[in-house]
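Here is work30.cif, consisting of mmCIF, C-alpha atoms:
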data_query
#
loop_
_atom_site.label_atom_id
_atom_site.label_comp_id
_atom_site.auth_asym_id
_atom_site.auth_seq_id
_atom_site.Cartn_x
_atom_site.Cartn_y
_atom_site.Cartn_z
CA MET A 10 -59.35 160.96 -113.44
CA ARG A 11 -58.80 164.34 -111.78
CA GLN A 12 -61.86 166.41 -110.91
CA ILE A 13 -62.14 169.82 -109.26
CA ILE A 14 -65.36 170.74 -107.49
CA LEU A 15 -65.55 174.52 -107.64
CA ASP A 16 -67.64 177.30 -106.15
CA THR A 17 -67.38 181.07 -106.17
CA GLU A 18 -69.02 183.97 -104.37
CA ALA A 19 -69.37 187.41 -105.92
CA THR A 20 -70.37 191.01 -105.29
CA GLY A 21 -73.61 190.52 -107.23
CA LEU A 22 -75.29 188.41 -109.86
CA ASP A 23 -74.00 189.70 -113.21
CA PRO A 24 -70.39 190.20 -114.31
CA ALA A 25 -71.70 192.22 -117.27
CA LEU A 26 -72.70 194.88 -114.70
CA GLY A 27 -69.17 194.97 -113.32
CA HIS A 28 -69.63 192.53 -110.47
CA ARG A 29 -66.52 190.68 -109.34
CA ILE A 30 -65.50 187.45 -107.63
CA ILE A 31 -64.80 187.73 -103.89
CA GLU A 32 -64.17 184.06 -102.99
CA ILE A 33 -63.04 180.92 -104.80
CA ALA A 34 -62.95 177.40 -103.39
CA ALA A 35 -61.88 174.27 -105.23
CA VAL A 36 -61.73 170.72 -103.85
CA GLU A 37 -59.72 168.04 -105.65
CA MET A 38 -60.79 164.44 -106.28
CA VAL A 39 -58.77 161.80 -108.09
CA ASN A 40 -60.60 158.64 -109.17
CA ARG A 41 -63.61 159.86 -107.17
CA ARG A 42 -61.63 160.06 -103.93
CA PHE A 43 -60.84 163.24 -102.03
CA THR A 44 -57.18 164.17 -101.93
CA GLU A 45 -55.50 166.43 -99.40
CA ARG A 46 -55.30 169.22 -101.99
CA HIS A 47 -57.69 172.13 -102.18
CA TYR A 48 -57.63 175.78 -103.21
CA HIS A 49 -59.28 178.60 -101.29
CA GLN A 50 -58.90 182.34 -101.62
CA TYR A 51 -60.78 185.47 -100.56
CA ILE A 52 -60.38 188.29 -103.10
CA ASN A 53 -60.61 192.06 -102.88
CA PRO A 54 -63.10 193.00 -105.63
CA GLU A 55 -62.11 196.66 -105.76
CA ARG A 56 -65.78 197.66 -105.74
CA ASP A 57 -68.83 197.67 -103.48
CA ILE A 58 -70.75 194.50 -102.61
CA GLU A 59 -74.52 194.56 -103.08
CA ALA A 60 -76.55 194.31 -99.88
CA GLY A 61 -78.48 191.34 -101.26
CA ALA A 62 -75.26 189.48 -101.93
CA ILE A 63 -74.01 190.11 -98.36
CA GLU A 64 -77.25 188.60 -97.05
CA VAL A 65 -76.47 185.44 -99.01
CA HIS A 66 -72.77 184.91 -98.23
CA GLY A 67 -72.10 187.29 -95.31
CA ILE A 68 -68.82 188.62 -96.77
CA THR A 69 -68.27 192.36 -96.37
CA LEU A 70 -65.96 194.79 -98.14
CA GLU A 71 -64.30 195.57 -94.82
CA PHE A 72 -63.33 191.92 -94.43
CA LEU A 73 -61.88 191.86 -97.94
CA ALA A 74 -59.96 195.12 -97.67
CA ASP A 75 -56.58 193.46 -97.04
CA LYS A 76 -57.13 190.46 -99.33
CA PRO A 77 -55.29 190.03 -102.66
CA LYS A 78 -56.81 191.07 -105.96
CA PHE A 79 -57.77 188.47 -108.56
CA ALA A 80 -54.76 189.39 -110.69
CA ASP A 81 -52.54 188.48 -107.74
CA VAL A 82 -53.93 184.94 -107.40
CA ALA A 83 -54.90 184.06 -110.97
CA LYS A 84 -51.66 182.20 -111.75
CA ASP A 85 -51.91 179.93 -108.69
CA PHE A 86 -55.59 179.27 -109.32
CA LEU A 87 -55.09 178.35 -112.98
CA GLU A 88 -52.19 176.06 -112.10
CA PHE A 89 -54.38 174.27 -109.54
CA VAL A 90 -57.29 173.59 -111.91
CA ALA A 91 -55.28 173.03 -115.11
CA GLY A 92 -56.31 169.90 -117.01
CA ALA A 93 -59.01 168.83 -114.54
CA GLU A 94 -62.72 168.37 -115.10
CA LEU A 95 -64.54 171.21 -113.36
CA ILE A 96 -67.71 170.24 -111.49
CA ILE A 97 -69.88 173.26 -110.70
CA HIS A 98 -73.50 173.74 -109.59
CA ASN A 99 -75.07 176.18 -112.06
CA ALA A 100 -71.84 176.30 -114.04
CA PRO A 101 -72.81 179.22 -116.35
CA PHE A 102 -72.83 181.54 -113.30
CA ASP A 103 -69.34 180.66 -112.01
CA VAL A 104 -67.80 180.24 -115.47
CA GLY A 105 -69.19 183.63 -116.49
CA PHE A 106 -67.53 185.30 -113.52
CA LEU A 107 -64.24 183.45 -113.99
CA ASN A 108 -64.09 184.36 -117.68
CA HIS A 109 -64.89 187.98 -116.85
CA GLU A 110 -61.97 188.12 -114.42
CA LEU A 111 -59.65 186.41 -116.89
CA ALA A 112 -60.71 188.74 -119.70
CA LEU A 113 -59.83 191.76 -117.54
CA MET A 114 -56.31 190.31 -117.43
CA GLN A 115 -56.38 189.55 -121.16
CA LEU A 116 -56.11 185.83 -120.40
CA PRO A 117 -57.92 182.99 -122.24
CA PRO A 118 -61.25 181.71 -120.86
CA ILE A 119 -61.30 178.96 -118.27
CA GLU A 120 -62.40 176.44 -120.91
CA GLU A 121 -58.85 176.53 -122.30
CA SER A 122 -57.49 175.34 -118.96
CA CYS A 123 -60.33 172.89 -118.24
CA SER A 124 -61.90 171.52 -121.40
CA VAL A 125 -64.57 169.53 -119.52
CA ILE A 126 -67.03 171.44 -117.33
CA THR A 127 -69.87 169.51 -115.70
CA ASP A 128 -72.94 171.40 -114.52
CA THR A 129 -74.49 169.48 -111.62
CA LEU A 130 -77.63 171.65 -111.75
CA LYS A 131 -78.25 170.53 -115.34
CA MET A 132 -77.46 166.96 -114.33
CA ALA A 133 -79.88 167.13 -111.38
CA LYS A 134 -82.68 168.55 -113.56
CA GLY A 135 -82.25 165.58 -115.89
CA LEU A 136 -82.35 163.11 -113.00
CA HIS A 137 -85.17 164.86 -111.08
CA PRO A 138 -87.34 166.80 -113.55
CA GLY A 139 -89.91 169.08 -112.01
CA LYS A 140 -88.30 168.98 -108.55
CA ARG A 141 -86.26 171.52 -106.61
CA ASN A 142 -82.59 171.07 -107.45
CA SER A 143 -80.84 173.69 -105.36
CA LEU A 144 -77.79 172.52 -103.44
CA ASP A 145 -79.82 172.42 -100.22
CA ALA A 146 -82.58 170.40 -101.90
CA LEU A 147 -80.04 167.93 -103.29
CA CYS A 148 -78.36 167.58 -99.91
CA GLU A 149 -81.74 166.66 -98.43
CA ARG A 150 -82.54 164.27 -101.29
CA TYR A 151 -79.21 162.45 -101.04
CA GLN A 152 -78.97 162.67 -97.24
CA VAL A 153 -75.85 164.84 -97.23
CA ASP A 154 -75.52 166.70 -93.92
CA ASN A 155 -75.69 170.43 -94.63
CA SER A 156 -76.59 171.54 -91.11
CA ALA A 157 -73.51 173.81 -90.99
CA ARG A 158 -74.70 175.76 -94.03
CA THR A 159 -76.32 178.84 -92.51
CA LEU A 160 -74.81 181.10 -95.19
CA HIS A 161 -73.42 180.43 -98.65
CA GLY A 162 -69.67 179.92 -98.44
CA ALA A 163 -67.46 178.67 -101.24
CA VAL A 164 -65.49 176.14 -99.17
CA LEU A 165 -68.47 174.45 -97.54
CA ASP A 166 -70.53 174.60 -100.74
CA ALA A 167 -67.75 172.97 -102.77
CA ARG A 168 -67.44 170.14 -100.26
CA LEU A 169 -71.21 169.60 -100.08
CA LEU A 170 -71.43 169.64 -103.86
CA ALA A 171 -68.70 167.00 -104.05
CA GLU A 172 -70.71 164.72 -101.75
CA VAL A 173 -73.88 165.33 -103.78
CA TYR A 174 -72.05 164.67 -107.06
CA LEU A 175 -70.68 161.37 -105.74
CA SER A 176 -74.20 160.35 -104.71
CA MET A 177 -75.70 161.32 -108.08
CA THR A 178 -73.06 159.32 -109.95
CA ARG A 179 -72.60 156.42 -107.54
CA GLY A 180 -72.96 153.83 -110.33
CA GLN A 181 -69.61 154.96 -111.72
CA ASP A 182 -67.69 153.64 -108.69
CA SER A 183 -67.41 150.11 -110.06
CA LEU A 184 -65.93 151.45 -113.30
CA LEU A 185 -63.12 153.27 -111.51
CA MET A 186 -61.62 150.61 -109.28
CA ASP A 187 -58.00 151.16 -108.42
CA MET A 188 -56.34 148.53 -110.60
CA GLY A 189 -53.21 148.69 -108.48
CA GLU A 190 -55.10 147.36 -105.46
CA SER A 191 -56.60 144.38 -107.27
CA THR A 192 -55.36 140.92 -106.35
CA SER A 193 -57.04 139.21 -109.29
CA PRO A 194 -54.57 137.71 -111.77
CA LEU A 195 -57.11 138.35 -114.52
CA LEU A 196 -56.65 142.10 -114.05
CA ASP A 197 -52.88 142.44 -113.89
CA GLY A 198 -51.96 140.31 -116.90
CA SER A 199 -49.88 137.82 -114.92
CA VAL A 200 -52.20 134.81 -115.21
CA GLU A 201 -50.76 131.52 -116.49
CA MET A 202 -53.37 129.85 -118.64
CA GLY A 203 -51.93 126.39 -117.97
CA ALA A 204 -52.75 126.79 -114.30
CA ILE A 205 -56.48 127.21 -114.94
CA GLU A 206 -58.70 124.14 -114.90
CA LEU A 207 -61.78 124.78 -117.03
CA LEU A 208 -65.04 123.21 -115.93
CA VAL A 209 -66.92 121.65 -118.86
CA VAL A 210 -70.66 121.02 -118.39
CA ARG A 211 -71.98 118.69 -121.10
CA ALA A 212 -75.61 118.48 -122.21
CA THR A 213 -77.63 115.54 -120.93
CA ALA A 214 -79.32 113.03 -123.27
CA GLY A 215 -82.67 114.67 -122.58
CA GLU A 216 -81.32 118.14 -123.39
CA LEU A 217 -79.82 116.85 -126.66
CA ALA A 218 -83.13 115.25 -127.63
CA ALA A 219 -85.03 118.44 -126.87
CA HIS A 220 -82.51 120.42 -128.93
CA ALA A 221 -82.92 118.06 -131.90
CA GLN A 222 -86.71 118.30 -131.69
CA GLN A 223 -86.50 122.10 -131.59
CA LEU A 224 -84.45 122.09 -134.77
CA GLU A 225 -86.93 119.73 -136.45
CA ASP A 226 -89.79 122.07 -135.56
CA ILE A 227 -87.91 125.12 -136.88
CA ASP A 228 -86.97 123.23 -140.07
CA LYS A 229 -90.56 122.22 -140.66
CA ALA A 230 -91.89 125.72 -140.02
CA SER A 231 -89.31 127.26 -142.36
CA LYS A 232 -89.82 124.60 -145.05
CA GLY A 233 -86.33 123.20 -144.84
CA ALA A 234 -84.52 126.53 -144.31
CA CYS A 235 -83.21 125.82 -140.79
CA LEU A 236 -79.56 126.82 -141.01
CA TRP A 237 -78.66 125.29 -137.64
CA LYS A 238 -79.93 121.88 -138.74
CA LYS A 239 -77.93 122.05 -141.96
CA LEU A 240 -74.77 122.98 -140.06
CA GLU A 241 -75.24 120.14 -137.59
CA THR A 242 -75.76 117.67 -140.46
CA ALA A 243 -72.65 119.00 -142.23
CA GLY A 244 -70.65 118.66 -139.01
#

Write the structure described by the file as C-alpha cells, please.
Amino acid sequence: MRQIILDTEATGLDPALGHRIIEIAAVEMVNRRFTERHYHQYINPERDIEAGAIEVHGITLEFLADKPKFADVAKDFLEFVAGAELIIHNAPFDVGFLNHELALMQLPPIEESCSVITDTLKMAKGLHPGKRNSLDALCERYQVDNSARTLHGAVLDARLLAEVYLSMTRGQDSLLMDMGESTSPLLDGSVEMGAIELLVVRATAGELAAHAQQLEDIDKASKGACLWKKLETAG
C-alpha cells in the first residue's frame, strides 16, 4: 500500500483568482512505513504573492525568482505520485490548486493519477466533532512534536501530517503486518497438518447432564419443537 502525504503552499487562497502554487512537498509511505523517497520543489508562480500569504509561509517572490515554473516540474511530480493514495489536510484546497496548474498545461486532473484522495481534515472532524482540527491542534491532541513549526512550510507540514495520520489510524497497523517477516507457518502456507497435535477437551459428566436438562427445558417450553433435541435423538 503506497501512500503520499502531500502539502502545498500558494500565492493566495483561490486558484480561481489566478493564484498559483509556490511549493510542493510529498512524503512517501509504503505499508504505513516511511521510505527514503520524498518530493520537494519550490516553484516560480510568475505573479505576485499576497502579503497575507507571506505572513503564513514566509516565502517571497525574490526567493522564488530563480526557481522552475510548474510546467518545468509537472512531469517529475506526476511520476512521483502516480498510483498512490494522496493524504492531504483540507484536500479540496490543495487539489484545487493542483488541478488549476494541470489545467493550464491542458493535462488531466490529479484524480486521474491518484484515484484515492484522503482528506485528513474531514477524517479528523468525524473523529473529533466540535473540536479544533487544524494541523497544530491535531499535533497537540496526538502528541506529535510540532515545536519547529513557526511558519507553514510544505516539507515540515507533510511530515507532521504523516505522523498525525498514523496516530489517527493506528488500529490499521495490525492489518498491515509484513507477511514476509512472519515466522508463523500458518501464514506462509508451509504448515504440515500431520505435524500438528490437536488438543481435544471433552465435556464432563456434569456438563453433559446440564446440557441435556437445558434441551428438556427448551423442548417443554416450545411444546416439542426443540430441533437440537430431535437431532441428538436421531444421532

Sort by chain and increasing residue number a table of all residues of region 45-76 of chain A within 9 Å of region 80-89 of chain A, each with its closest pair of atoms and their distance in Å to one decimal, counting all atoms listed in the file, and write it as a tab-separated table.
residue	atom	partner	partner_atom	distance
A:His47	CA	A:Phe89	CA	8.3
A:Tyr48	CA	A:Phe89	CA	7.3
A:His49	CA	A:Phe86	CA	8.9
A:Gln50	CA	A:Val82	CA	8.1
A:Ile52	CA	A:Val82	CA	8.4

Show me, as a short mmCIF file (atom, residue, chain, number, x, y, z; two decimals) with C-alpha atoms, in the frame of the given file, the residues that have an atom within 9 Å of Ala133 (chain A) when counting all atoms listed in the file, minus same-chain residues fewer than 3 positions from it.
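The resulting out-v3.cif:
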data_model
loop_
_atom_site.label_atom_id
_atom_site.label_comp_id
_atom_site.auth_asym_id
_atom_site.auth_seq_id
_atom_site.Cartn_x
_atom_site.Cartn_y
_atom_site.Cartn_z
CA ASP A 128 -72.94 171.40 -114.52
CA THR A 129 -74.49 169.48 -111.62
CA LEU A 130 -77.63 171.65 -111.75
CA LEU A 136 -82.35 163.11 -113.00
CA HIS A 137 -85.17 164.86 -111.08
CA PRO A 138 -87.34 166.80 -113.55
CA ASN A 142 -82.59 171.07 -107.45
CA SER A 143 -80.84 173.69 -105.36
CA LEU A 147 -80.04 167.93 -103.29
CA MET A 177 -75.70 161.32 -108.08
#

Can you list what the PyMOL selection byres ((chain A and resi 96) around 9) grabs from this structure, as a CSV table (one decimal) with C-alpha atoms, keeping the file's coordinate frame?
chain,number,residue,atom,x,y,z
A,12,GLN,CA,-61.9,166.4,-110.9
A,13,ILE,CA,-62.1,169.8,-109.3
A,14,ILE,CA,-65.4,170.7,-107.5
A,15,LEU,CA,-65.6,174.5,-107.6
A,16,ASP,CA,-67.6,177.3,-106.2
A,94,GLU,CA,-62.7,168.4,-115.1
A,95,LEU,CA,-64.5,171.2,-113.4
A,97,ILE,CA,-69.9,173.3,-110.7
A,98,HIS,CA,-73.5,173.7,-109.6
A,100,ALA,CA,-71.8,176.3,-114.0
A,125,VAL,CA,-64.6,169.5,-119.5
A,126,ILE,CA,-67.0,171.4,-117.3
A,127,THR,CA,-69.9,169.5,-115.7
A,128,ASP,CA,-72.9,171.4,-114.5
A,129,THR,CA,-74.5,169.5,-111.6
A,170,LEU,CA,-71.4,169.6,-103.9
A,171,ALA,CA,-68.7,167.0,-104.0
A,174,TYR,CA,-72.0,164.7,-107.1

Selection near region 26-33 of chain A, 9 Å with only C-alpha atoms, sequence-local residues under 3 positions removed, as a PyMOL selection string = chain A and resi 15-23+48-58+68+73+78-79+86+103+106-107+109-110+162-164

Could you take the residues named above and write them with C-alpha atoms, as a CSV table (one decimal), in the frame of the given file?
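result-v4.csv, freshly written:
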chain,number,residue,atom,x,y,z
A,15,LEU,CA,-65.6,174.5,-107.6
A,16,ASP,CA,-67.6,177.3,-106.2
A,17,THR,CA,-67.4,181.1,-106.2
A,18,GLU,CA,-69.0,184.0,-104.4
A,19,ALA,CA,-69.4,187.4,-105.9
A,20,THR,CA,-70.4,191.0,-105.3
A,21,GLY,CA,-73.6,190.5,-107.2
A,22,LEU,CA,-75.3,188.4,-109.9
A,23,ASP,CA,-74.0,189.7,-113.2
A,48,TYR,CA,-57.6,175.8,-103.2
A,49,HIS,CA,-59.3,178.6,-101.3
A,50,GLN,CA,-58.9,182.3,-101.6
A,51,TYR,CA,-60.8,185.5,-100.6
A,52,ILE,CA,-60.4,188.3,-103.1
A,53,ASN,CA,-60.6,192.1,-102.9
A,54,PRO,CA,-63.1,193.0,-105.6
A,55,GLU,CA,-62.1,196.7,-105.8
A,56,ARG,CA,-65.8,197.7,-105.7
A,57,ASP,CA,-68.8,197.7,-103.5
A,58,ILE,CA,-70.8,194.5,-102.6
A,68,ILE,CA,-68.8,188.6,-96.8
A,73,LEU,CA,-61.9,191.9,-97.9
A,78,LYS,CA,-56.8,191.1,-106.0
A,79,PHE,CA,-57.8,188.5,-108.6
A,86,PHE,CA,-55.6,179.3,-109.3
A,103,ASP,CA,-69.3,180.7,-112.0
A,106,PHE,CA,-67.5,185.3,-113.5
A,107,LEU,CA,-64.2,183.4,-114.0
A,109,HIS,CA,-64.9,188.0,-116.8
A,110,GLU,CA,-62.0,188.1,-114.4
A,162,GLY,CA,-69.7,179.9,-98.4
A,163,ALA,CA,-67.5,178.7,-101.2
A,164,VAL,CA,-65.5,176.1,-99.2

Find the residues near Ala91 (chain A): any atom within 9 Å, counting all atoms listed in the file, skip ones fewer than 6 places away on the same chain, and give them as a list in words.
-> Glu121, Ser122 and Cys123 of chain A

Exactly which residues make up the result of the PyMOL selection byres ((chain A and resi 11) around 6) on this file, given as a ChimeraX atom specification?
-> /A:10,12,38-39,93

Measure the distance from CA of Phe43 (chain A) to CA of Leu169 (chain A) in Å and round it to one decimal.
-> 12.3 Å

At what distance in Å, to one decimal, does CA of Ser176 (chain A) lie from CA of Asn108 (chain A)?
->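 Separation of CA of Asn108 (chain A) and CA of Ser176 (chain A): 29.1 Å.
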
What does the distance between CA of Arg46 (chain A) and CA of Arg168 (chain A) come to in Å, to one decimal place?
->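 CA of Arg168 (chain A) lies 12.3 Å from CA of Arg46 (chain A).
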
Can you list, as a list in words, the residues that the PyMOL selection byres ((chain A and resi 145) around 12) selects here?
-> His98, Leu130, Arg141, Asn142, Ser143, Leu144, Ala146, Leu147, Cys148, Glu149, Arg150, Tyr151, Gln152, Val153, Asp154, Asn155, Ser156, Ala157, Arg158, Thr159, Leu160, His161, Leu165, Asp166, Leu169, Leu170 and Val173 of chain A

Mind working out the centre and edge lengths of an axis-aligned box for region 38-54 of chain A, all listed atoms inside, 6 Å added to each side, rounded to one decimal in Å and written as lines of an AutoDock Vina configuration file?
center_x = -59.5
center_y = 175.8
center_z = -104.3
size_x = 20.3
size_y = 46.4
size_z = 21.8

Generate the coordinates of all heavy atoms for region 22-33 of chain A; report them as a CSV table (one decimal), keeping the file's coordinate frame.
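Output (out_18.csv):
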chain,number,residue,atom,x,y,z
A,22,LEU,N,-74.8,189.5,-109.0
A,22,LEU,CA,-75.3,188.4,-109.9
A,22,LEU,C,-74.8,188.4,-111.3
A,22,LEU,O,-74.9,187.4,-112.0
A,22,LEU,CB,-76.8,188.4,-109.9
A,22,LEU,CG,-77.5,188.1,-108.5
A,22,LEU,CD1,-79.0,188.1,-108.7
A,22,LEU,CD2,-77.1,186.7,-108.0
A,23,ASP,N,-74.3,189.6,-111.8
A,23,ASP,CA,-74.0,189.7,-113.2
A,23,ASP,C,-72.7,190.4,-113.5
A,23,ASP,O,-72.5,191.6,-113.2
A,23,ASP,CB,-75.1,190.5,-113.9
A,23,ASP,CG,-75.1,190.5,-115.4
A,23,ASP,OD1,-74.1,190.0,-115.9
A,23,ASP,OD2,-76.0,190.9,-116.0
A,24,PRO,N,-71.7,189.6,-114.0
A,24,PRO,CA,-70.4,190.2,-114.3
A,24,PRO,C,-70.5,191.3,-115.4
A,24,PRO,O,-69.6,192.2,-115.4
A,24,PRO,CB,-69.5,189.0,-114.8
A,24,PRO,CG,-70.5,188.0,-115.2
A,24,PRO,CD,-71.7,188.2,-114.3
A,25,ALA,N,-71.5,191.2,-116.2
A,25,ALA,CA,-71.7,192.2,-117.3
A,25,ALA,C,-72.0,193.6,-116.7
A,25,ALA,O,-71.8,194.6,-117.3
A,25,ALA,CB,-72.8,191.8,-118.2
A,26,LEU,N,-72.4,193.6,-115.4
A,26,LEU,CA,-72.7,194.9,-114.7
A,26,LEU,C,-71.5,195.3,-113.8
A,26,LEU,O,-71.6,196.2,-113.0
A,26,LEU,CB,-74.0,194.7,-113.8
A,26,LEU,CG,-75.3,194.4,-114.6
A,26,LEU,CD1,-76.4,194.3,-113.6
A,26,LEU,CD2,-75.6,195.5,-115.6
A,27,GLY,N,-70.4,194.6,-114.0
A,27,GLY,CA,-69.2,195.0,-113.3
A,27,GLY,C,-69.0,194.2,-112.0
A,27,GLY,O,-68.0,194.6,-111.2
A,28,HIS,N,-69.8,193.3,-111.7
A,28,HIS,CA,-69.6,192.5,-110.5
A,28,HIS,C,-68.4,191.6,-110.6
A,28,HIS,O,-68.0,191.2,-111.6
A,28,HIS,CB,-70.9,191.7,-110.2
A,28,HIS,CG,-72.0,192.6,-109.7
A,28,HIS,ND1,-72.0,193.3,-108.5
A,28,HIS,CD2,-73.2,192.9,-110.3
A,28,HIS,CE1,-73.1,194.0,-108.4
A,28,HIS,NE2,-73.9,193.8,-109.5
A,29,ARG,N,-67.8,191.4,-109.4
A,29,ARG,CA,-66.5,190.7,-109.3
A,29,ARG,C,-66.6,189.5,-108.4
A,29,ARG,O,-67.4,189.4,-107.5
A,29,ARG,CB,-65.4,191.6,-108.9
A,29,ARG,CG,-65.3,192.9,-109.7
A,29,ARG,CD,-64.6,192.7,-111.0
A,29,ARG,NE,-63.3,192.1,-111.0
A,29,ARG,CZ,-62.2,192.9,-110.8
A,29,ARG,NH1,-62.3,194.2,-110.7
A,29,ARG,NH2,-61.0,192.3,-110.8
A,30,ILE,N,-65.7,188.6,-108.5
A,30,ILE,CA,-65.5,187.4,-107.6
A,30,ILE,C,-64.9,187.9,-106.3
A,30,ILE,O,-63.9,188.7,-106.3
A,30,ILE,CB,-64.6,186.4,-108.3
A,30,ILE,CG1,-65.4,185.7,-109.4
A,30,ILE,CG2,-64.2,185.3,-107.3
A,30,ILE,CD1,-64.5,184.7,-110.2
A,31,ILE,N,-65.4,187.4,-105.2
A,31,ILE,CA,-64.8,187.7,-103.9
A,31,ILE,C,-64.3,186.5,-103.1
A,31,ILE,O,-63.6,186.6,-102.1
A,31,ILE,CB,-65.8,188.5,-103.0
A,31,ILE,CG1,-67.1,187.6,-102.8
A,31,ILE,CG2,-66.1,189.8,-103.6
A,31,ILE,CD1,-68.0,188.3,-101.8
A,32,GLU,N,-64.7,185.3,-103.6
A,32,GLU,CA,-64.2,184.1,-103.0
A,32,GLU,C,-64.2,182.9,-104.0
A,32,GLU,O,-65.1,182.8,-104.8
A,32,GLU,CB,-65.0,183.7,-101.8
A,32,GLU,CG,-64.5,182.5,-101.0
A,32,GLU,CD,-65.4,182.1,-99.9
A,32,GLU,OE1,-66.6,182.6,-99.8
A,32,GLU,OE2,-65.0,181.3,-99.0
A,33,ILE,N,-63.1,182.1,-104.0
A,33,ILE,CA,-63.0,180.9,-104.8
A,33,ILE,C,-62.6,179.8,-103.9
A,33,ILE,O,-61.7,179.9,-103.1
A,33,ILE,CB,-62.0,181.0,-105.9
A,33,ILE,CG1,-62.3,182.2,-106.8
A,33,ILE,CG2,-61.9,179.8,-106.8
A,33,ILE,CD1,-61.2,182.4,-107.9
